[in-house]
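Pasting structure-v9.cif here (mmCIF, C-alpha atoms):
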```cif
data_final
#
loop_
_atom_site.label_atom_id
_atom_site.label_comp_id
_atom_site.auth_asym_id
_atom_site.auth_seq_id
_atom_site.Cartn_x
_atom_site.Cartn_y
_atom_site.Cartn_z
CA MET A 1 0.58 6.36 31.17
CA PRO A 2 -3.05 7.13 32.14
CA PHE A 3 -5.66 5.16 30.22
CA THR A 4 -9.35 4.34 30.22
CA PHE A 5 -10.48 0.77 29.61
CA ILE A 6 -13.90 0.47 27.93
CA GLY A 7 -15.49 -2.81 28.95
CA THR A 8 -15.56 -5.27 31.81
CA GLU A 9 -12.23 -6.34 33.30
CA VAL A 10 -11.91 -10.12 33.59
CA LEU A 11 -9.13 -12.65 33.98
CA GLY A 12 -8.34 -14.49 30.77
CA ASP A 13 -9.82 -13.97 27.30
CA ASP A 14 -12.52 -11.27 27.24
CA LEU A 15 -13.36 -11.57 23.52
CA ARG A 16 -16.94 -12.74 23.96
CA LEU A 17 -17.68 -10.37 26.83
CA ASN A 18 -16.11 -7.16 25.54
CA THR A 19 -16.95 -7.28 21.84
CA LEU A 20 -18.77 -4.00 21.35
CA ASP A 21 -21.70 -3.20 19.11
CA ARG A 22 -20.67 -1.42 15.90
CA ASN A 23 -22.71 1.64 16.81
CA VAL A 24 -20.82 1.88 20.10
CA LEU A 25 -17.52 1.41 18.25
CA ASN A 26 -18.44 4.16 15.81
CA THR A 27 -19.19 6.49 18.71
CA LEU A 28 -15.85 5.70 20.34
CA TYR A 29 -13.93 6.26 17.10
CA ASN A 30 -15.60 9.65 16.80
CA LEU A 31 -14.71 10.57 20.38
CA ILE A 32 -10.99 9.84 20.27
CA ASP A 33 -8.29 12.09 18.80
CA LEU A 34 -6.22 9.36 17.19
CA TYR A 35 -6.17 5.57 16.82
CA LEU A 36 -2.82 3.83 17.21
CA ILE A 37 -2.12 0.38 15.75
CA ALA A 38 1.09 -0.84 17.38
CA SER A 39 0.79 -4.56 16.64
CA ARG A 40 3.68 -6.76 15.55
CA SER A 41 1.36 -8.90 13.42
CA GLU A 42 -2.18 -8.44 12.10
CA GLY A 43 -4.53 -9.74 9.45
CA GLY A 44 -6.43 -6.55 8.60
CA PRO A 45 -6.82 -5.40 11.23
CA HIS A 46 -10.51 -4.52 11.54
CA ALA A 47 -9.56 -1.38 13.45
CA LEU A 48 -7.70 -0.04 10.41
CA PHE A 49 -10.84 -0.05 8.28
CA GLU A 50 -13.14 1.01 11.12
CA ALA A 51 -11.03 4.04 12.02
CA CYS A 52 -10.76 5.11 8.37
CA ALA A 53 -14.50 4.62 7.84
CA SER A 54 -15.13 6.82 10.89
CA LYS A 55 -12.70 9.47 9.60
CA CYS A 56 -10.65 9.02 12.74
CA LYS A 57 -6.97 9.93 12.63
CA ILE A 58 -4.85 6.81 12.58
CA ILE A 59 -1.20 5.77 12.51
CA SER A 60 0.04 2.21 12.28
CA SER A 61 2.99 -0.12 12.36
CA ARG A 62 3.71 -2.07 9.16
CA VAL A 63 1.09 -4.78 9.63
CA GLY A 64 -1.82 -6.17 7.64
CA ALA A 65 -3.16 -3.79 5.03
CA SER A 66 -1.89 -0.63 6.71
CA GLU A 67 0.64 0.21 3.97
CA ASP A 68 -2.03 -0.33 1.29
CA VAL A 69 -4.54 1.96 2.98
CA LEU A 70 -2.63 4.69 4.80
CA GLU A 71 -0.33 7.40 3.51
CA PRO A 72 3.40 6.60 3.95
CA TYR A 73 3.79 9.32 6.57
CA ALA A 74 1.20 7.57 8.78
CA ILE A 75 3.31 4.40 9.03
CA PHE A 76 5.93 3.95 11.74
CA ASP A 77 8.59 1.34 12.46
CA THR A 78 9.60 2.19 16.03
CA ASP A 79 7.91 3.53 19.15
CA HIS A 80 10.09 6.63 18.83
CA GLU A 81 8.73 7.28 15.33
CA ALA A 82 5.17 6.80 16.59
CA ALA A 83 5.75 9.33 19.37
CA GLU A 84 7.22 11.81 16.87
CA LEU A 85 4.22 11.35 14.56
CA ILE A 86 1.75 11.94 17.37
CA ASN A 87 3.67 15.01 18.52
CA LEU A 88 3.83 16.38 14.97
CA ASP A 89 0.11 15.90 14.48
CA HIS A 90 -0.61 17.55 17.82
CA LYS A 91 1.33 20.62 16.67
CA GLN A 92 0.49 20.76 12.95
CA ASN A 93 -2.62 18.58 12.45
CA VAL A 94 -0.82 16.72 9.64
CA LEU A 95 -3.04 13.62 9.73
CA ALA A 96 -6.22 15.58 9.04
CA LYS A 97 -5.44 16.00 5.35
CA SER A 98 -5.65 12.25 4.70
CA LEU A 99 -8.99 11.57 6.42
CA ASP A 100 -11.12 11.91 3.28
CA ARG A 101 -8.61 9.92 1.26
CA ASN A 102 -8.54 7.09 3.81
CA LEU A 103 -12.33 6.91 3.83
CA GLN A 104 -12.41 6.79 0.03
CA ILE A 105 -9.85 3.98 -0.17
CA VAL A 106 -11.73 1.87 2.37
CA ARG A 107 -15.02 2.41 0.53
CA ASP A 108 -13.52 1.68 -2.87
CA GLY A 109 -11.49 -1.39 -2.01
CA TYR A 110 -12.51 -2.88 1.32
CA SER A 111 -16.23 -2.33 1.83
CA VAL A 112 -18.66 -5.26 1.62
CA ALA A 113 -19.99 -3.92 -1.68
CA ALA A 114 -16.50 -3.56 -3.17
CA VAL A 115 -15.21 -6.98 -2.12
CA SER A 116 -18.42 -8.95 -2.73
CA GLN A 117 -18.29 -8.41 -6.47
CA PHE A 118 -15.08 -10.44 -6.64
CA LEU A 119 -16.22 -13.38 -4.54
CA PRO A 120 -18.63 -15.13 -6.97
CA GLN A 121 -15.96 -15.17 -9.66
CA PHE A 122 -13.28 -16.24 -7.22
CA TYR A 123 -15.23 -19.22 -5.90
CA SER A 124 -16.35 -20.22 -9.38
CA GLN A 125 -12.67 -20.36 -10.32
CA VAL A 126 -11.98 -22.59 -7.34
CA LEU A 127 -14.75 -24.94 -8.46
CA GLU A 128 -13.49 -24.94 -12.04
CA ALA A 129 -9.99 -25.71 -10.83
CA HIS A 130 -11.35 -28.54 -8.72
CA HIS A 131 -12.57 -30.29 -11.86
CA SER A 132 -9.63 -29.45 -14.08
CA GLU A 133 -6.63 -31.78 -14.09
CA GLU A 134 -4.75 -29.46 -16.42
CA ALA A 135 -5.37 -26.15 -14.65
CA ASP A 136 -2.42 -24.04 -13.62
CA LEU A 137 -3.47 -22.95 -10.17
CA THR A 138 -0.94 -20.18 -9.62
CA GLY A 139 -3.67 -17.59 -10.10
CA ALA A 140 -2.34 -15.84 -13.20
CA GLU A 141 -4.87 -17.21 -15.68
CA PHE A 142 -7.82 -16.47 -13.44
CA SER A 143 -7.69 -12.69 -13.76
CA GLU A 144 -9.02 -12.20 -17.27
CA ASN A 145 -12.45 -10.79 -16.42
CA LEU A 146 -12.08 -9.11 -13.04
CA PRO A 147 -8.84 -8.55 -11.12
CA LEU A 148 -8.96 -10.45 -7.85
CA PRO A 149 -7.94 -8.67 -4.65
CA ALA A 150 -4.28 -9.22 -3.80
CA SER A 151 -5.27 -10.96 -0.58
CA LEU A 152 -6.89 -13.82 -2.49
CA ARG A 153 -5.31 -16.33 -4.79
CA VAL A 154 -5.77 -19.95 -5.80
CA VAL A 155 -2.92 -22.27 -4.87
CA ARG A 156 -2.33 -25.98 -5.09
CA ARG A 157 -2.22 -27.79 -1.77
CA ASP A 158 -0.69 -30.94 -3.26
CA GLN A 159 1.58 -30.28 -6.23
CA THR A 160 1.00 -33.83 -7.52
CA LYS A 161 -2.80 -33.51 -7.58
CA SER A 162 -4.01 -30.46 -9.45
CA HIS A 163 -7.63 -31.09 -8.46
CA GLN A 164 -6.90 -30.44 -4.78
CA ALA A 165 -7.29 -26.68 -4.95
CA VAL A 166 -7.89 -24.53 -1.92
CA ALA A 167 -8.34 -20.79 -1.46
CA VAL A 168 -5.89 -19.38 1.05
CA PRO A 169 -4.81 -15.88 2.02
CA ASN A 170 -1.32 -14.76 1.01
CA GLY A 171 1.35 -15.53 3.59
CA ASP A 172 -0.28 -18.63 5.08
CA ARG A 173 2.39 -20.96 3.76
CA ASN A 174 4.96 -20.20 6.45
CA GLU A 175 6.03 -23.80 6.79
CA ASP A 176 6.88 -24.08 3.08
CA LEU A 177 8.71 -20.76 3.25
CA SER A 178 10.77 -21.91 6.24
CA ASP A 179 11.77 -25.03 4.31
CA LYS A 180 12.83 -22.90 1.35
CA ILE A 181 14.89 -20.65 3.58
CA ARG A 182 16.66 -23.61 5.17
CA ASN A 183 17.40 -25.12 1.75
CA VAL A 184 18.80 -21.89 0.32
CA GLU A 185 20.81 -21.22 3.49
CA ALA A 186 22.40 -24.66 3.12
CA LEU A 187 23.26 -23.96 -0.53
CA PHE A 188 24.59 -20.53 0.40
CA GLU A 189 26.94 -21.99 3.02
CA ALA A 190 28.52 -24.06 0.28
CA ASN A 191 28.56 -21.13 -2.20
CA PRO A 192 28.94 -17.92 -0.17
CA ASN A 193 29.83 -15.78 -3.21
CA ASP A 194 26.85 -16.79 -5.33
CA ILE A 195 24.93 -13.54 -5.92
CA LYS A 196 21.86 -15.37 -7.25
CA LEU A 197 21.62 -17.43 -4.07
CA ILE A 198 21.95 -14.31 -1.94
CA LYS A 199 19.17 -12.60 -3.89
CA GLU A 200 16.96 -15.66 -3.50
CA LEU A 201 17.68 -15.74 0.22
CA VAL A 202 16.81 -12.04 0.52
CA ASP A 203 13.49 -12.65 -1.28
CA HIS A 204 12.59 -15.47 1.11
CA TYR A 205 13.65 -13.55 4.22
CA GLU A 206 11.58 -10.56 3.14
CA ALA A 207 8.55 -12.73 2.36
CA ALA A 208 8.85 -14.21 5.86
CA GLY A 209 9.06 -10.75 7.42
CA ARG A 210 12.65 -11.28 8.52
CA LEU A 211 13.79 -7.87 7.35
CA ASN A 212 16.96 -7.71 9.44
CA SER A 213 18.09 -11.06 8.03
CA ALA A 214 17.25 -9.81 4.53
CA LEU A 215 19.29 -6.67 5.14
CA SER A 216 22.27 -8.69 6.37
CA ALA A 217 22.12 -10.88 3.27
CA ILE A 218 21.79 -7.98 0.82
CA SER A 219 24.63 -6.13 2.58
CA LEU A 220 26.79 -9.20 2.04
CA ALA A 221 25.80 -9.21 -1.62
CA VAL A 222 26.80 -5.55 -1.91
CA LEU A 223 30.22 -6.37 -0.48
CA THR A 224 30.56 -9.17 -3.03
CA ASP A 225 29.42 -6.98 -5.96
CA ASP A 226 29.76 -3.34 -4.92
CA VAL A 227 29.10 -1.95 -8.42
CA ASN A 228 25.69 -3.59 -8.74
CA GLN A 229 23.25 -0.69 -8.39
CA GLN A 230 20.19 -2.93 -8.19
CA LEU A 231 21.65 -4.52 -5.07
CA GLN A 232 22.23 -1.06 -3.60
CA TYR A 233 18.65 -0.13 -4.49
CA ARG A 234 17.33 -3.24 -2.75
CA ARG A 235 19.44 -2.44 0.30
CA SER A 236 18.04 1.09 0.41
CA LEU A 237 14.49 -0.28 0.20
CA LEU A 238 15.11 -2.60 3.15
CA LEU A 239 16.72 0.14 5.22
CA GLY A 240 13.66 2.28 4.59
CA LYS A 241 11.32 -0.50 5.68
CA LEU A 242 13.34 -0.89 8.87
CA GLY A 243 13.01 2.81 9.62
CA ARG A 244 16.66 3.57 8.95
CA ARG A 245 15.72 6.27 6.49
CA THR A 246 18.84 8.40 6.82
CA GLU A 247 20.98 5.50 5.60
CA ALA A 248 18.40 4.61 2.96
CA LEU A 249 18.35 8.20 1.72
CA GLU A 250 22.15 8.36 1.46
CA ILE A 251 22.13 5.32 -0.81
CA ALA A 252 19.20 6.64 -2.86
CA LEU A 253 20.91 9.99 -3.40
CA GLU A 254 24.07 8.24 -4.54
CA LEU A 255 22.10 6.00 -6.91
CA VAL A 256 20.39 8.98 -8.52
CA LYS A 257 23.71 10.81 -8.75
CA CYS A 258 25.24 7.83 -10.59
CA GLN A 259 22.20 7.09 -12.73
CA PRO A 260 19.91 10.16 -12.91
CA SER A 261 17.95 8.74 -15.85
CA ASN A 262 16.66 5.76 -13.86
CA SER A 263 12.99 6.45 -13.09
CA GLN A 264 12.85 3.66 -10.49
CA PHE A 265 15.65 5.27 -8.49
CA GLN A 266 14.04 8.71 -8.80
CA ARG A 267 10.69 7.40 -7.54
CA HIS A 268 12.37 5.66 -4.60
CA LEU A 269 14.24 8.85 -3.76
CA SER A 270 10.98 10.80 -3.88
CA ASN A 271 9.35 8.43 -1.38
CA LEU A 272 12.25 8.73 1.05
CA LEU A 273 12.40 12.51 0.77
CA LEU A 274 8.67 12.63 1.42
CA HIS A 275 9.14 10.58 4.58
CA CYS A 276 11.81 13.05 5.65
CA GLU A 277 9.41 15.95 4.93
CA ARG A 278 11.71 17.39 2.27
CA ILE A 279 8.69 18.14 0.12
CA ASP A 280 10.23 20.32 -2.59
CA GLU A 281 12.99 17.79 -3.24
CA ALA A 282 10.45 14.95 -3.18
CA LEU A 283 8.41 16.81 -5.79
CA GLU A 284 11.46 17.28 -8.00
CA ALA A 285 12.38 13.59 -7.82
CA ALA A 286 8.77 12.55 -8.45
CA GLY A 287 8.64 14.84 -11.48
CA ASN A 288 11.89 13.36 -12.79
CA ALA A 289 10.52 9.82 -12.37
CA ALA A 290 7.37 10.75 -14.27
CA ILE A 291 9.20 12.46 -17.14
CA LEU A 292 11.72 9.63 -17.47
CA ASP A 293 8.97 7.03 -17.83
CA PRO A 294 5.98 8.81 -19.40
CA PHE A 295 4.04 5.57 -19.87
CA ASN A 296 4.22 4.68 -16.19
CA ALA A 297 0.86 5.78 -14.79
CA SER A 298 1.94 5.08 -11.22
CA ASN A 299 4.79 7.59 -11.42
CA TYR A 300 2.57 10.31 -12.85
CA PHE A 301 -0.17 9.57 -10.32
CA HIS A 302 2.37 9.82 -7.48
CA PHE A 303 3.65 13.11 -8.91
CA ALA A 304 0.11 14.46 -9.33
CA ARG A 305 -0.83 13.55 -5.76
CA LEU A 306 2.26 15.31 -4.40
CA LEU A 307 1.50 18.39 -6.48
CA PHE A 308 -2.10 18.45 -5.26
CA ASP A 309 -1.11 17.99 -1.61
CA SER A 310 1.39 20.83 -2.05
CA GLY A 311 -1.31 23.18 -3.31
CA LYS A 312 -0.10 23.15 -6.93
CA VAL A 313 -3.54 22.28 -8.23
CA ALA A 314 -3.21 23.29 -11.89
CA GLU A 315 0.01 21.31 -12.26
CA ALA A 316 -1.62 18.37 -10.47
CA ILE A 317 -4.40 18.30 -13.08
CA VAL A 318 -1.87 18.18 -15.92
CA ALA A 319 0.10 15.37 -14.28
CA ALA A 320 -3.05 13.39 -13.44
CA GLU A 321 -4.32 13.72 -17.01
CA GLN A 322 -1.00 12.34 -18.23
CA ALA A 323 -1.46 9.43 -15.82
CA SER A 324 -4.92 8.81 -17.27
CA ARG A 325 -3.44 8.60 -20.76
CA ALA A 326 -0.96 5.99 -19.54
CA ASP A 327 -3.66 4.04 -17.68
CA PRO A 328 -7.17 4.97 -18.86
CA ILE A 329 -8.98 2.47 -16.62
CA ASP A 330 -7.73 3.40 -13.14
CA HIS A 331 -10.64 5.13 -11.40
CA ARG A 332 -8.35 6.63 -8.74
CA ILE A 333 -6.66 8.79 -11.37
CA TYR A 334 -9.97 10.28 -12.53
CA ASN A 335 -10.96 10.81 -8.91
CA LEU A 336 -7.78 12.85 -8.40
CA ILE A 337 -8.50 14.86 -11.56
CA ALA A 338 -11.98 15.56 -10.20
CA GLU A 339 -10.64 16.61 -6.79
CA ALA A 340 -8.05 18.92 -8.32
CA ALA A 341 -10.45 20.38 -10.90
CA GLU A 342 -13.03 21.09 -8.20
CA HIS A 343 -10.42 22.88 -6.10
CA HIS A 344 -9.37 24.79 -9.20
CA GLY A 345 -12.95 25.88 -9.85
CA ASP A 346 -13.38 23.88 -13.05
CA LEU A 347 -16.60 22.11 -12.11
CA GLU A 348 -17.30 20.84 -15.62
CA LYS A 349 -13.97 19.04 -15.77
CA ALA A 350 -14.57 17.72 -12.26
CA LYS A 351 -17.96 16.34 -13.32
CA ARG A 352 -16.53 14.66 -16.42
CA ALA A 353 -13.69 13.08 -14.48
CA LEU A 354 -15.96 11.92 -11.68
CA ALA A 355 -18.38 10.42 -14.21
CA VAL A 356 -15.53 8.36 -15.67
CA ALA A 357 -14.37 7.33 -12.19
CA HIS A 358 -17.90 6.22 -11.34
CA LYS A 359 -18.13 4.19 -14.54
CA LEU A 360 -14.80 2.45 -13.93
CA ALA A 361 -15.00 1.97 -10.17
CA PRO A 362 -16.47 -1.00 -8.33
CA ARG A 363 -19.87 -0.64 -6.77
CA GLY A 364 -19.94 0.80 -3.30
CA THR A 365 -17.82 3.87 -4.01
CA SER A 366 -18.98 7.38 -3.21
CA TYR A 367 -18.43 8.67 -6.74
CA GLU A 368 -22.10 8.65 -7.71
CA ALA A 369 -23.16 10.68 -4.67
CA ARG A 370 -20.33 13.16 -5.19
CA LEU A 371 -21.24 13.47 -8.86
CA LYS A 372 -24.84 14.27 -7.95
CA ASN A 373 -23.63 16.92 -5.51
CA LEU A 374 -21.46 18.46 -8.20
CA GLU A 375 -24.27 18.42 -10.73
CA ALA A 376 -26.49 20.18 -8.20
CA THR A 377 -23.86 22.90 -7.77
CA GLU A 378 -24.57 26.01 -9.77
CA VAL A 379 -21.70 27.21 -11.90
CA PRO A 380 -21.20 30.92 -11.15
CA SER A 381 -22.00 33.13 -14.13
CA LEU A 382 -19.38 35.52 -15.41
#
```
Can you dump the structure from the file as structure tokens?
Amino acid sequence: MPFTFIGTEVLGDDLRLNTLDRNVLNTLYNLIDLYLIASRSEGGPHALFEACASKCKIISSRVGASEDVLEPYAIFDTDHEAAELINLDHKQNVLAKSLDRNLQIVRDGYSVAAVSQFLPQFYSQVLEAHHSEEADLTGAEFSENLPLPASLRVVRRDQTKSHQAVAVPNGDRNEDLSDKIRNVEALFEANPNDIKLIKELVDHYEAAGRLNSALSAISLAVLTDDVNQQLQYRRSLLLGKLGRRTEALEIALELVKCQPSNSQFQRHLSNLLLHCERIDEALEAAGNAAILDPFNASNYFHFARLLFDSGKVAEAIVAAEQASRADPIDHRIYNLIAEAAEHHGDLEKAKRALAVAHKLAPRGTSYEARLKNLEATEVPSL
């Protein structure tokens, strides 16, 4: 495959030599057609946020924060899926519709301004924990004032000494996890029909990123208890994560057929149908999930986003407003209301929604600038 290497070719590590200036990086991101993250393991990566901030098309393997930032259809599990995605975008420009959304998510949740507001509180909690012999350092009690980013938590390094607290990123306790897996595997060998042990083993495998092992374990659990729909649901989730979406979809369809009033199953089915580009069916399942659990803001937000992306703007506004009633403090919901209202020509509603989003959102978002632009827009007279 032809390629162009930007930098100086050297033997060995070129990190110090070929680290480019951010202005140069920005230029390169704006020159390329698409950025591909094909890593097996990543922390962020930086490229994910840089590409989104540059409004560069991007697809990624399931690493780092990619699933938190990108739309599901921009995630791939195999090189074949990546090639199909690139080919589809080349023909239909499908990745273009998420460029503004990706930029907004990076600004709202991953910019210096957005993250920095959490750090003083986070480190003050670490210091408080350091002096507290009684503190429970699992992280739950530290989220009363501001929710901490999911990538940060306070954990106890030595379970016998509560004052030895240390801030670590999630997933850095691989050694402890390996020990847990070995212990549960040993118990499972002695009790191969224990469903609880199998579930625990699946949890540990999944946390360790051993999805194939998790799938094998959950498949064994299904054989042991084939009427347990939650096990089938978990198996479908794992198949989806492994890119085996046809099998995952078959299970999801059967689950919804057996239990159509389960909003969790309907939402899962909607996600799989969306991956398979069966948009109308995905919309129907998303609508069912929302109606079945009207107090679940996430379901209504998902439904509203699908409606908006499908061009059903008026319906999207209704669904998003229902989501706002279920969760009145999620700025993303009001942002969606504003987007949809603006597309629908209701600038006053868009302004009101954007004003609420700006009030609720962390600093560093673009809501204020967008609100000023809207306020400067003249409403056409009748």
Counting all atoms listed in the file, I want the residues whose atoms come within 10 Å of (-5.0, 10.6, -13.7) in the file frame, returned as a ChimeraX atom specification.
/A:297-298,300-302,304-305,316-338,353
Quick one: which residues end up in the PyMOL selection byres ((chain A and resi 272-285) around 10) for this structure, as a ChimeraX atom specification?
/A:72-75,236-237,240,245-246,248-250,252-253,256,260,263,265-271,286-291,302-307,309-310
Go through the shown structure with the PyMOL selection byres ((chain A and resi 38-42) around 6) and write out the matching residues as a PyMOL selection string.
chain A and resi 37+43-45+61+63-64
Might you pull out every residue within 12 Å of range 368-377 of chain A, with all atoms listed in the file counted and same-chain residues fewer than 2 positions away left off, and present them as a PyMOL selection string?
chain A and resi 104+335+338-339+341-342+345-366+379-380
Matched chain/residue IDs from the PyMOL selection byres ((chain A and resi 184) around 12), as a list of chain:residue names:
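So the PyMOL selection byres ((chain A and resi 184) around 12) ends up selecting A:Leu177, A:Ser178, A:Asp179, A:Lys180, A:Ile181, A:Arg182, A:Asn183, A:Glu185, A:Ala186, A:Leu187, A:Phe188, A:Glu189, A:Ala190, A:Asn191, A:Pro192, A:Asp194, A:Lys196, A:Leu197, A:Ile198, A:Lys199, A:Glu200, A:Leu201, A:Val202, A:Asp203, A:His204, A:Tyr205, A:Ala217.
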What is the distance, in Å and to one decimal place, between CA of Gly243 in chain A and CA of Gln92 in chain A?
22.1 Å
Computed interatomic separation between CA of Phe3 in chain A and CA of Val24 in chain A (Å)
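It comes out at 18.5 Å.
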Of the listed residues A:Asn30, A:Thr78, A:Gln230, A:Thr224, that which approaches Ser60 in chain A most closely, counting only C-alpha atoms:
A:Thr78
Model the absent atoms of range 268-283 of chain A so that N, CA, C and O atoms are present, and write the result as an mmCIF file, in the frame of the given file.
```
data_model
loop_
_atom_site.group_PDB
_atom_site.id
_atom_site.type_symbol
_atom_site.label_atom_id
_atom_site.label_comp_id
_atom_site.auth_asym_id
_atom_site.auth_seq_id
_atom_site.Cartn_x
_atom_site.Cartn_y
_atom_site.Cartn_z
ATOM 1 N N HIS A 268 11.960 6.100 -5.945
ATOM 2 C CA HIS A 268 12.370 5.660 -4.600
ATOM 3 C C HIS A 268 12.897 6.842 -3.792
ATOM 4 O O HIS A 268 12.553 7.016 -2.613
ATOM 5 N N LEU A 269 13.708 7.667 -4.435
ATOM 6 C CA LEU A 269 14.240 8.850 -3.760
ATOM 7 C C LEU A 269 13.108 9.779 -3.334
ATOM 8 O O LEU A 269 13.113 10.318 -2.220
ATOM 9 N N SER A 270 12.124 9.946 -4.201
ATOM 10 C CA SER A 270 10.980 10.800 -3.880
ATOM 11 C C SER A 270 10.255 10.307 -2.630
ATOM 12 O O SER A 270 9.896 11.095 -1.746
ATOM 13 N N ASN A 271 10.039 8.996 -2.549
ATOM 14 C CA ASN A 271 9.350 8.430 -1.380
ATOM 15 C C ASN A 271 10.120 8.690 -0.091
ATOM 16 O O ASN A 271 9.536 9.042 0.941
ATOM 17 N N LEU A 272 11.432 8.511 -0.148
ATOM 18 C CA LEU A 272 12.250 8.730 1.050
ATOM 19 C C LEU A 272 12.275 10.201 1.451
ATOM 20 O O LEU A 272 12.178 10.532 2.639
ATOM 21 N N LEU A 273 12.408 11.074 0.474
ATOM 22 C CA LEU A 273 12.400 12.510 0.770
ATOM 23 C C LEU A 273 11.066 12.937 1.366
ATOM 24 O O LEU A 273 11.011 13.789 2.255
ATOM 25 N N LEU A 274 9.995 12.326 0.880
ATOM 26 C CA LEU A 274 8.670 12.630 1.420
ATOM 27 C C LEU A 274 8.579 12.211 2.880
ATOM 28 O O LEU A 274 8.039 12.941 3.717
ATOM 29 N N HIS A 275 9.114 11.039 3.195
ATOM 30 C CA HIS A 275 9.140 10.580 4.580
ATOM 31 C C HIS A 275 9.925 11.540 5.468
ATOM 32 O O HIS A 275 9.606 11.717 6.647
ATOM 33 N N CYS A 276 10.963 12.127 4.893
ATOM 34 C CA CYS A 276 11.810 13.050 5.650
ATOM 35 C C CYS A 276 11.280 14.485 5.611
ATOM 36 O O CYS A 276 11.956 15.412 6.070
ATOM 37 N N GLU A 277 10.079 14.652 5.029
ATOM 38 C CA GLU A 277 9.410 15.950 4.930
ATOM 39 C C GLU A 277 10.214 16.984 4.143
ATOM 40 O O GLU A 277 10.105 18.187 4.380
ATOM 41 N N ARG A 278 11.002 16.501 3.193
ATOM 42 C CA ARG A 278 11.710 17.390 2.270
ATOM 43 C C ARG A 278 10.860 17.462 0.996
ATOM 44 O O ARG A 278 11.172 16.873 -0.033
ATOM 45 N N ILE A 279 9.757 18.203 1.114
ATOM 46 C CA ILE A 279 8.690 18.140 0.120
ATOM 47 C C ILE A 279 9.132 18.634 -1.252
ATOM 48 O O ILE A 279 8.833 18.006 -2.278
ATOM 49 N N ASP A 280 9.826 19.766 -1.300
ATOM 50 C CA ASP A 280 10.230 20.320 -2.590
ATOM 51 C C ASP A 280 11.154 19.353 -3.342
ATOM 52 O O ASP A 280 11.014 19.151 -4.556
ATOM 53 N N GLU A 281 12.088 18.752 -2.610
ATOM 54 C CA GLU A 281 12.990 17.790 -3.240
ATOM 55 C C GLU A 281 12.237 16.522 -3.659
ATOM 56 O O GLU A 281 12.526 15.928 -4.700
ATOM 57 N N ALA A 282 11.268 16.124 -2.832
ATOM 58 C CA ALA A 282 10.450 14.950 -3.180
ATOM 59 C C ALA A 282 9.664 15.212 -4.455
ATOM 60 O O ALA A 282 9.541 14.329 -5.318
ATOM 61 N N LEU A 283 9.140 16.425 -4.581
ATOM 62 C CA LEU A 283 8.410 16.810 -5.790
ATOM 63 C C LEU A 283 9.313 16.757 -7.022
ATOM 64 O O LEU A 283 8.920 16.258 -8.084
#
```
